[in-house]
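Shown here: run-v6.txt, compact mmCIF, C-alpha atoms and all ligand atoms.
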# COMPACT_ATOMS: atom_id res chain seq x y z
CA MET A 135 7.75 -44.35 23.99
CA ALA A 136 7.02 -42.08 21.06
CA THR A 137 9.08 -38.92 20.78
CA THR A 138 7.27 -35.62 20.61
CA LEU A 139 8.22 -32.81 18.31
CA SER A 140 9.33 -30.73 21.27
CA GLU A 141 11.75 -33.48 22.41
CA ALA A 142 13.08 -33.81 18.88
CA TYR A 143 13.71 -30.05 18.65
CA GLY A 144 15.32 -29.81 22.06
CA ASP A 145 17.92 -32.52 21.56
CA SER A 146 20.95 -30.22 21.48
CA PRO A 147 21.20 -27.88 24.48
CA LEU A 148 22.11 -24.27 23.71
CA GLN A 149 24.19 -21.69 25.52
CA LEU A 150 22.27 -18.88 27.23
CA LYS A 151 23.63 -16.22 24.85
CA HIS A 152 21.79 -18.16 22.19
CA ILE A 153 18.53 -17.92 24.08
CA ILE A 154 18.11 -14.46 25.66
CA PRO A 155 16.97 -11.69 23.30
CA LEU A 156 18.11 -8.09 23.65
CA ASP A 157 16.11 -5.69 25.83
CA PHE A 158 14.97 -3.70 22.80
CA ASP A 159 13.29 -0.95 24.88
CA SER A 160 16.59 0.10 26.40
CA ILE A 161 18.57 0.25 23.14
CA HIS A 162 18.84 3.30 20.89
CA ASP A 163 21.78 2.35 18.65
CA LEU A 164 22.44 -0.90 16.87
CA PRO A 165 25.00 -2.78 19.03
CA ASP A 166 28.05 -4.32 17.30
CA SER A 167 26.73 -7.76 18.16
CA HIS A 168 23.81 -7.06 15.80
CA VAL A 169 25.65 -5.39 12.89
CA TRP A 170 25.67 -7.65 9.86
CA THR A 171 28.06 -6.64 7.14
CA GLU A 172 28.47 -8.18 3.71
CA SER A 173 31.45 -10.20 4.86
CA VAL A 174 29.37 -11.93 7.53
CA ASP A 175 28.54 -15.59 7.13
CA LEU A 176 25.14 -15.22 5.49
CA LEU A 177 24.47 -18.15 3.23
CA SER A 178 26.43 -17.98 -0.04
CA GLY A 179 26.05 -14.25 -0.48
CA LYS A 180 22.31 -14.49 -0.82
CA HIS A 181 21.90 -11.32 1.22
CA ILE A 182 23.74 -9.12 -1.28
CA CYS A 183 21.53 -9.72 -4.32
CA GLN A 184 18.94 -7.11 -5.05
CA ALA A 185 15.64 -8.10 -6.60
CA HIS A 186 15.04 -6.94 -10.18
CA VAL A 187 11.97 -4.80 -10.48
CA ASP A 188 10.64 -6.81 -13.40
CA GLU A 189 10.31 -10.03 -11.40
CA SER A 190 6.70 -10.93 -10.80
CA ASP A 191 5.25 -11.12 -7.32
CA VAL A 192 4.85 -14.04 -4.95
CA PRO A 193 1.80 -15.87 -6.44
CA ILE A 194 -1.64 -15.59 -4.88
CA VAL A 195 -3.80 -18.72 -4.73
CA ASP A 196 -7.56 -18.40 -4.26
CA LEU A 197 -8.44 -21.66 -2.52
CA THR A 198 -12.03 -21.51 -3.79
CA ALA A 199 -11.10 -21.06 -7.47
CA PRO A 200 -12.03 -24.00 -9.75
CA ASN A 201 -8.39 -24.26 -10.90
CA ALA A 202 -6.93 -23.96 -7.36
CA VAL A 203 -4.97 -27.24 -7.64
CA GLU A 204 -3.27 -26.15 -10.84
CA VAL A 205 -2.43 -22.63 -9.62
CA LEU A 206 -1.21 -23.99 -6.29
CA GLY A 207 0.86 -26.72 -7.97
CA ASN A 208 2.55 -24.17 -10.23
CA ALA A 209 3.28 -21.89 -7.29
CA CYS A 210 4.82 -24.82 -5.38
CA ARG A 211 7.06 -25.85 -8.28
CA LYS A 212 8.13 -22.40 -9.39
CA TRP A 213 8.29 -20.52 -6.11
CA GLY A 214 7.91 -22.79 -3.08
CA MET A 215 5.97 -19.90 -1.58
CA PHE A 216 2.57 -18.32 -2.20
CA GLN A 217 -0.18 -16.40 -0.46
CA VAL A 218 -3.62 -17.96 0.04
CA THR A 219 -6.89 -16.09 -0.04
CA ASN A 220 -10.38 -17.43 0.72
CA HIS A 221 -8.76 -19.84 3.16
CA GLY A 222 -11.75 -19.87 5.51
CA VAL A 223 -9.94 -18.65 8.63
CA PRO A 224 -12.07 -15.83 10.08
CA SER A 225 -10.29 -12.48 10.12
CA SER A 226 -11.58 -11.92 13.68
CA LEU A 227 -9.63 -14.98 14.80
CA LEU A 228 -6.44 -13.70 13.14
CA GLY A 229 -6.95 -10.25 14.64
CA ASN A 230 -7.59 -11.65 18.09
CA ALA A 231 -4.48 -13.86 18.00
CA GLU A 232 -2.39 -10.93 16.76
CA SER A 233 -3.59 -8.73 19.62
CA TYR A 234 -2.35 -11.33 22.15
CA VAL A 235 0.98 -11.52 20.36
CA ARG A 236 1.33 -7.74 20.73
CA ARG A 237 0.44 -7.99 24.43
CA LEU A 238 3.06 -10.65 24.99
CA PHE A 239 5.93 -8.80 23.36
CA ALA A 240 4.89 -5.48 24.98
CA LEU A 241 5.70 -6.93 28.41
CA PRO A 242 8.87 -5.59 30.07
CA ALA A 243 12.03 -7.56 29.22
CA GLU A 244 12.42 -8.96 32.75
CA GLN A 245 8.87 -10.27 32.66
CA LYS A 246 9.35 -11.98 29.29
CA ARG A 247 12.56 -13.56 30.56
CA LYS A 248 10.56 -15.38 33.23
CA ALA A 249 9.25 -17.53 30.38
CA LEU A 250 12.69 -18.11 28.85
CA ARG A 251 13.24 -21.30 26.88
CA SER A 252 15.38 -23.72 28.86
CA PRO A 253 18.79 -24.65 27.34
CA GLY A 254 17.58 -28.11 26.26
CA GLY A 255 14.01 -27.02 25.61
CA ALA A 256 12.07 -26.03 22.53
CA THR A 257 9.27 -23.83 23.85
CA GLY A 258 9.04 -20.42 25.52
CA TYR A 259 10.63 -17.02 25.01
CA GLY A 260 13.96 -16.68 23.22
CA VAL A 261 16.01 -15.82 20.15
CA ALA A 262 15.64 -17.70 16.86
CA ARG A 263 16.68 -21.36 16.97
CA ILE A 264 19.08 -20.88 14.07
CA SER A 265 21.08 -18.24 16.01
CA PRO A 266 24.00 -20.54 16.99
CA PHE A 267 24.85 -20.96 13.29
CA PHE A 268 25.63 -17.25 12.84
CA SER A 269 28.30 -15.09 14.44
CA LYS A 270 26.01 -12.05 14.63
CA LEU A 271 22.71 -11.78 16.48
CA MET A 272 19.32 -11.04 14.95
CA TRP A 273 16.96 -8.12 15.57
CA HIS A 274 14.23 -10.45 16.76
CA GLU A 275 12.56 -12.03 19.76
CA GLY A 276 10.34 -15.08 19.59
CA PHE A 277 8.00 -17.26 21.61
CA THR A 278 7.54 -20.90 20.65
CA ILE A 279 4.45 -22.98 21.45
CA MET A 280 4.11 -26.72 20.87
CA GLY A 281 0.68 -27.91 21.87
CA SER A 282 -0.48 -26.01 24.94
CA ALA A 283 1.08 -22.66 25.92
CA VAL A 284 -0.02 -22.97 29.56
CA GLU A 285 3.37 -23.73 31.14
CA HIS A 286 5.04 -20.55 29.89
CA ALA A 287 1.93 -18.34 29.78
CA LYS A 288 1.46 -18.92 33.55
CA LEU A 289 4.90 -17.44 34.14
CA LEU A 290 3.99 -14.33 32.16
CA TRP A 291 0.47 -13.76 33.52
CA PRO A 292 0.04 -15.88 36.69
CA GLN A 293 -3.60 -14.81 37.17
CA ASP A 294 -4.65 -14.20 33.64
CA TYR A 295 -3.05 -16.70 31.28
CA GLU A 296 -6.18 -18.47 30.03
CA LYS A 297 -7.26 -15.92 27.46
CA PHE A 298 -3.85 -16.02 25.82
CA CYS A 299 -3.86 -19.83 25.81
CA ASN A 300 -7.37 -20.00 24.37
CA ALA A 301 -6.47 -17.59 21.57
CA MET A 302 -3.38 -19.66 20.72
CA ASP A 303 -5.33 -22.94 20.88
CA SER A 304 -8.02 -21.72 18.49
CA TYR A 305 -5.38 -20.30 16.17
CA GLN A 306 -3.42 -23.57 16.07
CA LYS A 307 -6.57 -25.60 15.50
CA GLN A 308 -7.51 -23.50 12.48
CA MET A 309 -3.96 -23.58 11.12
CA LYS A 310 -3.75 -27.35 11.46
CA SER A 311 -6.91 -27.95 9.50
CA LEU A 312 -5.96 -25.39 6.84
CA ALA A 313 -2.47 -26.93 6.55
CA HIS A 314 -3.99 -30.37 6.08
CA LYS A 315 -6.33 -29.06 3.40
CA ILE A 316 -3.44 -27.40 1.56
CA LEU A 317 -1.35 -30.57 1.82
CA VAL A 318 -4.17 -32.56 0.20
CA LEU A 319 -4.24 -30.09 -2.72
CA MET A 320 -0.46 -30.21 -3.06
CA LEU A 321 -0.48 -34.01 -3.20
CA LYS A 322 -3.23 -33.86 -5.80
CA SER A 323 -1.09 -31.59 -7.93
CA LEU A 324 1.72 -34.18 -7.67
CA GLU A 325 -0.75 -36.90 -8.72
CA ALA A 326 0.38 -38.84 -5.68
CA LYS A 327 -0.65 -42.52 -5.55
CA ASP A 328 0.79 -43.57 -2.18
CA GLN A 329 -0.13 -40.59 -0.06
CA GLU A 330 -2.28 -42.47 2.48
CA THR A 331 0.44 -42.98 5.11
CA LEU A 332 1.57 -39.39 4.90
CA LEU A 333 -1.99 -38.10 5.12
CA SER A 334 -2.71 -40.22 8.17
CA THR A 335 0.47 -39.28 10.05
CA ALA A 336 -0.20 -35.66 9.06
CA SER A 337 -3.92 -35.82 9.80
CA VAL A 338 -5.57 -33.18 11.95
CA HIS A 339 -5.35 -35.58 14.93
CA GLN A 340 -1.95 -37.18 14.40
CA SER A 341 0.07 -34.31 12.94
CA GLU A 342 2.41 -32.26 15.04
CA GLY A 343 2.92 -28.57 14.76
CA ALA A 344 4.70 -25.68 16.35
CA LEU A 345 3.54 -22.10 16.58
CA GLN A 346 6.31 -19.52 16.41
CA LEU A 347 5.40 -15.99 17.46
CA ASN A 348 7.88 -13.44 16.12
CA SER A 349 8.51 -9.82 17.03
CA TYR A 350 10.83 -7.47 15.11
CA PRO A 351 10.91 -4.11 16.93
CA CYS A 352 11.67 -0.83 15.12
CA CYS A 353 15.34 -0.96 14.34
CA PRO A 354 17.95 1.82 14.37
CA ASN A 355 20.43 1.43 11.48
CA HIS A 356 18.07 -1.12 10.04
CA LYS A 357 20.07 -1.51 6.83
CA GLN A 358 22.87 -3.18 8.78
CA ALA A 359 20.62 -5.51 10.73
CA ILE A 360 18.85 -8.79 10.01
CA GLY A 361 15.52 -9.71 11.55
CA LEU A 362 15.76 -13.39 10.76
CA ALA A 363 18.74 -14.76 8.82
CA PRO A 364 18.15 -16.78 5.62
CA HIS A 365 16.88 -20.26 6.37
CA THR A 366 14.46 -22.90 5.19
CA ASP A 367 11.71 -24.27 7.43
CA SER A 368 12.12 -27.90 8.45
CA LEU A 369 8.66 -29.48 8.44
CA LEU A 370 6.16 -30.04 5.59
CA LEU A 371 4.80 -26.55 5.20
CA THR A 372 4.50 -23.28 7.08
CA ILE A 373 1.50 -20.94 7.23
CA LEU A 374 2.35 -17.40 8.26
CA HIS A 375 0.22 -14.47 9.33
CA GLN A 376 2.05 -11.14 9.29
CA ASN A 377 0.83 -7.80 10.57
CA ASP A 378 0.65 -4.87 8.16
CA THR A 379 4.41 -4.35 8.18
CA GLU A 380 6.50 -5.88 5.42
CA GLY A 381 9.85 -7.54 6.00
CA LEU A 382 9.54 -11.16 4.84
CA GLN A 383 11.56 -11.92 1.71
CA VAL A 384 12.01 -15.04 -0.38
CA PHE A 385 15.15 -15.90 -2.33
CA ARG A 386 14.78 -16.45 -6.08
CA GLU A 387 17.58 -18.00 -8.10
CA ASN A 388 18.97 -15.48 -10.67
CA THR A 389 16.91 -12.68 -9.18
CA GLY A 390 17.58 -12.21 -5.50
CA TRP A 391 15.35 -11.31 -2.61
CA ILE A 392 11.66 -10.65 -3.31
CA THR A 393 9.37 -9.20 -0.66
CA ALA A 394 6.21 -11.11 0.24
CA PRO A 395 4.14 -8.05 1.13
CA PRO A 396 1.26 -8.18 3.60
CA VAL A 397 -1.90 -8.77 1.55
CA SER A 398 -5.10 -8.03 3.40
CA GLY A 399 -6.87 -11.28 4.33
CA ALA A 400 -4.13 -13.52 2.89
CA LEU A 401 -1.83 -15.98 4.65
CA VAL A 402 1.67 -16.80 3.40
CA VAL A 403 2.43 -20.49 2.77
CA ASN A 404 5.87 -21.88 2.17
CA ILE A 405 7.23 -25.32 1.43
CA GLY A 406 9.48 -26.84 4.10
CA ASP A 407 12.30 -29.38 3.87
CA LEU A 408 10.11 -32.46 4.47
CA LEU A 409 7.78 -31.61 1.59
CA HIS A 410 10.80 -31.05 -0.63
CA ILE A 411 11.74 -34.65 0.16
CA VAL A 412 8.16 -35.94 -0.35
CA SER A 413 7.97 -34.17 -3.72
CA ASN A 414 11.30 -35.77 -4.67
CA GLY A 415 12.76 -32.30 -5.11
CA LEU A 416 9.96 -30.96 -7.37
CA PHE A 417 8.86 -28.43 -4.75
CA PRO A 418 11.79 -26.26 -3.65
CA THR A 419 12.20 -25.65 0.05
CA VAL A 420 12.68 -21.91 -0.05
CA TYR A 421 15.22 -19.70 1.61
CA HIS A 422 13.51 -16.81 3.27
CA ARG A 423 14.59 -14.08 5.67
CA VAL A 424 13.20 -11.05 7.44
CA ILE A 425 14.63 -7.58 7.16
CA PRO A 426 13.85 -5.16 9.98
CA ASN A 427 11.96 -1.91 9.64
CA GLU A 428 13.08 1.47 10.96
CA MET A 429 9.65 2.89 11.72
CA ARG A 430 7.30 0.02 12.38
CA HIS A 431 7.19 -2.93 14.73
CA ARG A 432 6.61 -6.14 12.82
CA PHE A 433 4.82 -9.18 14.24
CA SER A 434 4.22 -12.57 12.69
CA MET A 435 2.79 -15.95 13.64
CA ALA A 436 4.31 -18.92 11.83
CA PHE A 437 2.62 -22.31 12.14
CA PHE A 438 4.94 -25.18 11.21
CA TYR A 439 3.04 -28.29 10.21
CA GLY A 440 4.47 -31.78 10.08
CA PRO A 441 3.67 -35.47 10.49
CA GLN A 442 4.14 -37.29 13.80
CA SER A 443 7.78 -37.21 14.94
CA ASP A 444 8.21 -40.97 14.72
CA SER A 445 6.82 -41.29 11.20
CA VAL A 446 8.90 -41.91 8.11
CA VAL A 447 9.06 -39.37 5.30
CA ALA A 448 10.10 -40.47 1.81
CA PRO A 449 9.71 -39.32 -1.81
CA LEU A 450 6.36 -40.32 -3.35
CA SER A 451 6.68 -43.48 -5.42
CA ASN A 452 5.15 -42.01 -8.61
CA LEU A 453 7.85 -39.35 -8.91
CA GLY A 454 10.65 -41.49 -10.32
CA PHE A 455 13.89 -42.68 -8.77
CA PRO A 456 14.05 -41.34 -5.18
CA ARG A 457 16.58 -38.53 -4.94
CA TYR A 458 16.52 -38.64 -1.14
CA ARG A 459 16.65 -41.48 1.33
CA SER A 460 13.73 -41.88 3.68
CA VAL A 461 14.05 -40.38 7.15
CA THR A 462 11.94 -40.07 10.30
CA VAL A 463 10.86 -36.60 11.29
CA LYS A 464 12.87 -36.69 14.50
CA GLU A 465 15.99 -37.96 12.73
CA TYR A 466 15.65 -35.15 10.21
CA LEU A 467 15.33 -32.53 12.94
CA SER A 468 18.40 -33.88 14.64
CA ILE A 469 20.42 -33.69 11.37
CA LYS A 470 19.16 -30.14 10.82
CA ASN A 471 20.07 -29.13 14.40
CA LYS A 472 23.65 -30.06 13.59
CA HIS A 473 24.02 -29.14 9.93
CA LEU A 474 21.34 -26.50 9.14
CA ASP A 475 21.32 -25.95 5.36
CA LYS A 476 23.46 -29.05 4.70
CA ALA A 477 20.71 -31.31 6.03
CA ILE A 478 18.96 -31.89 2.68
CA PRO A 479 22.22 -32.60 0.74
CA ILE A 480 23.13 -35.18 3.42
CA LEU A 481 20.02 -37.19 2.47
CA LYS A 482 20.75 -37.24 -1.26
CA THR A 483 20.92 -40.69 -2.81
CA VAL A 484 22.81 -39.68 -5.97
C1 LIG B 1 10.02 -18.32 10.71
C2 LIG B 1 9.94 -17.28 9.67
C3 LIG B 1 9.10 -15.17 8.94
C4 LIG B 1 8.46 -13.95 9.47
O1 LIG B 1 9.54 -18.08 11.85
O2 LIG B 1 10.55 -19.40 10.40
O3 LIG B 1 10.48 -17.47 8.62
O4 LIG B 1 7.96 -13.20 8.64
N1 LIG B 1 9.28 -16.16 9.95
O5 LIG B 1 8.47 -13.73 10.67
NI NI B 2 10.96 -19.54 8.38

Could the structure of this file be written out as structure tokens, please?
Amino acid sequence: MATTLSEAYGDSPLQLKHIIPLDFDSIHDLPDSHVWTESVDLLSGKHICQAHVDESDVPIVDLTAPNAVEVLGNACRKWGMFQVTNHGVPSSLLGNAESYVRRLFALPAEQKRKALRSPGGATGYGVARISPFFSKLMWHEGFTIMGSAVEHAKLLWPQDYEKFCNAMDSYQKQMKSLAHKILVLMLKSLEAKDQETLLSTASVHQSEGALQLNSYPCCPNHKQAIGLAPHTDSLLLTILHQNDTEGLQVFRENTGWITAPPVSGALVVNIGDLLHIVSNGLFPTVYHRVIPNEMRHRFSMAFFYGPQSDSVVAPLSNLGFPRYRSVTVKEYLSIKNKHLDKAIPILKTV
């Protein structure tokens, strides 16, 4: 039987301390468990670098511009992250989804814990999946949806879960079709010749996705805390909607951390590990992180888009000698579950 994305994600059971978020409402000082200092195991010191002021901003791609493919291709090669405007997703839909995200995270801690992710599971309420790789905890709580949110939403609102589920369904539907459209443009910019298999396993009907709702409450001593530790996303690409509170940063070689500020009407797109493989390394899979804010509560909705779990991902044939071996989506997720940022180097052919 075919494996689903949620089975592939859940293949290594976690301890409860790596699932239950803090009760943020009851906390007024940053607990030791959440204090990140420079000696902490953040990836290769990437947290210490400060961005130079002269570095340009995360590129903006107008999807309706006549040269969209070129601008988007450049952004993918040089940054691995960009913001899209004129993407066709109605702002009312984004606003509606965001209001349900706020409602969810505003529930009392004991209520949210009713929808806790199970130790071997992938969906529901909990801390970030990368938490077990770090000795300190993050100033963050999340809720993961793969397909329908009904199972966990019923635990949160036994009588009144449908509105939440409908908002999440419409949001995911829009994100899936936008992600597919962006993938087509990306493949065009790579002048791909053998993209048919990828496009069919990542079609609107066959593709698999996950919706990650993130909440970063106002944070005391925010300079010593991390909202989401540096990581790359695993699938093909991620589309992120953030509320009007900044915090997302992308790592640039020789420069440091650059903020991807909220831009009205824009969605953030970043390359994930699988697209790095497909592009034979031409598109960098970008390290990004979230820093918490002292005064404002940040929310985001990240849609991770990938091909069917059983499908094979490999570098496109027109991009020269393959630098990575081919891998199924589920095999890749299992390697990443064990090795995090070493997963891509493990697949190198030379
Ligand atoms: C993620 C992520 C960034 C954000 O969920 O993988 O990188 O701004 N989120 O919340
Ligand atoms: Ni991410």

With a distance cut-off of 9 Å and all atoms listed in the file, select the neighbouring residues of Gln217 of chain A, excluding the residue or stretch itself and same-chain residues fewer than 4 positions from it, and output the selection as a VMD selection string. chain A and resid 192 to 196 394 397 400 to 404

Throw together the list of residues within 7 Å of ligand NI 2 (chain B), counting only C-alpha atoms and all ligand atoms, and drop it here as JSON, numbers by chain. {"A": [365, 366, 367, 422]}

If you measure from atom CA of Ser398 of chain A to atom CA of Gly229 of chain A, what distance in Å do you get, rounded to one decimal?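 The value is 11.6 Å.
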
Could you state the separation of atom CA of Leu317 of chain A and atom CA of Gly390 of chain A in Å, given to one decimal place? 27.4 Å

Give me, as a Markdown table, each residue of chain A that comes within 6 Å of ligand LIG 1 (chain B), together with its shortest interatomic pair and the distance in Å at one decimal, counting all atoms listed in the file, with rows ordered by chain and rising residue number.
| residue | atom | partner | partner_atom | distance |
| --- | --- | --- | --- | --- |
| A:Gln346 | CA | B:LIG1 | O1 | 5.8 |
| A:Asn348 | CA | B:LIG1 | O5 | 5.5 |
| A:Asp367 | CA | B:LIG1 | O2 | 5.8 |
| A:Leu382 | CA | B:LIG1 | O4 | 4.6 |
| A:Val424 | CA | B:LIG1 | O4 | 5.8 |
| A:Ser434 | CA | B:LIG1 | O5 | 4.8 |
| A:Ala436 | CA | B:LIG1 | O1 | 5.3 |

Can you work out the spacing between atom CA of Ala301 of chain A and atom CA of Met280 of chain A in Å, to one decimal?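 Value for the atom CA of Ala301 of chain A-atom CA of Met280 of chain A distance: 14.0 Å.
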
Which one is closest to Leu408 of chain A: A:Ser445, A:Ser337, A:Ser323, A:Ser311? Count all atoms listed in the file.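 Closest to Leu408 of chain A, using all atoms listed in the file: A:Ser445.
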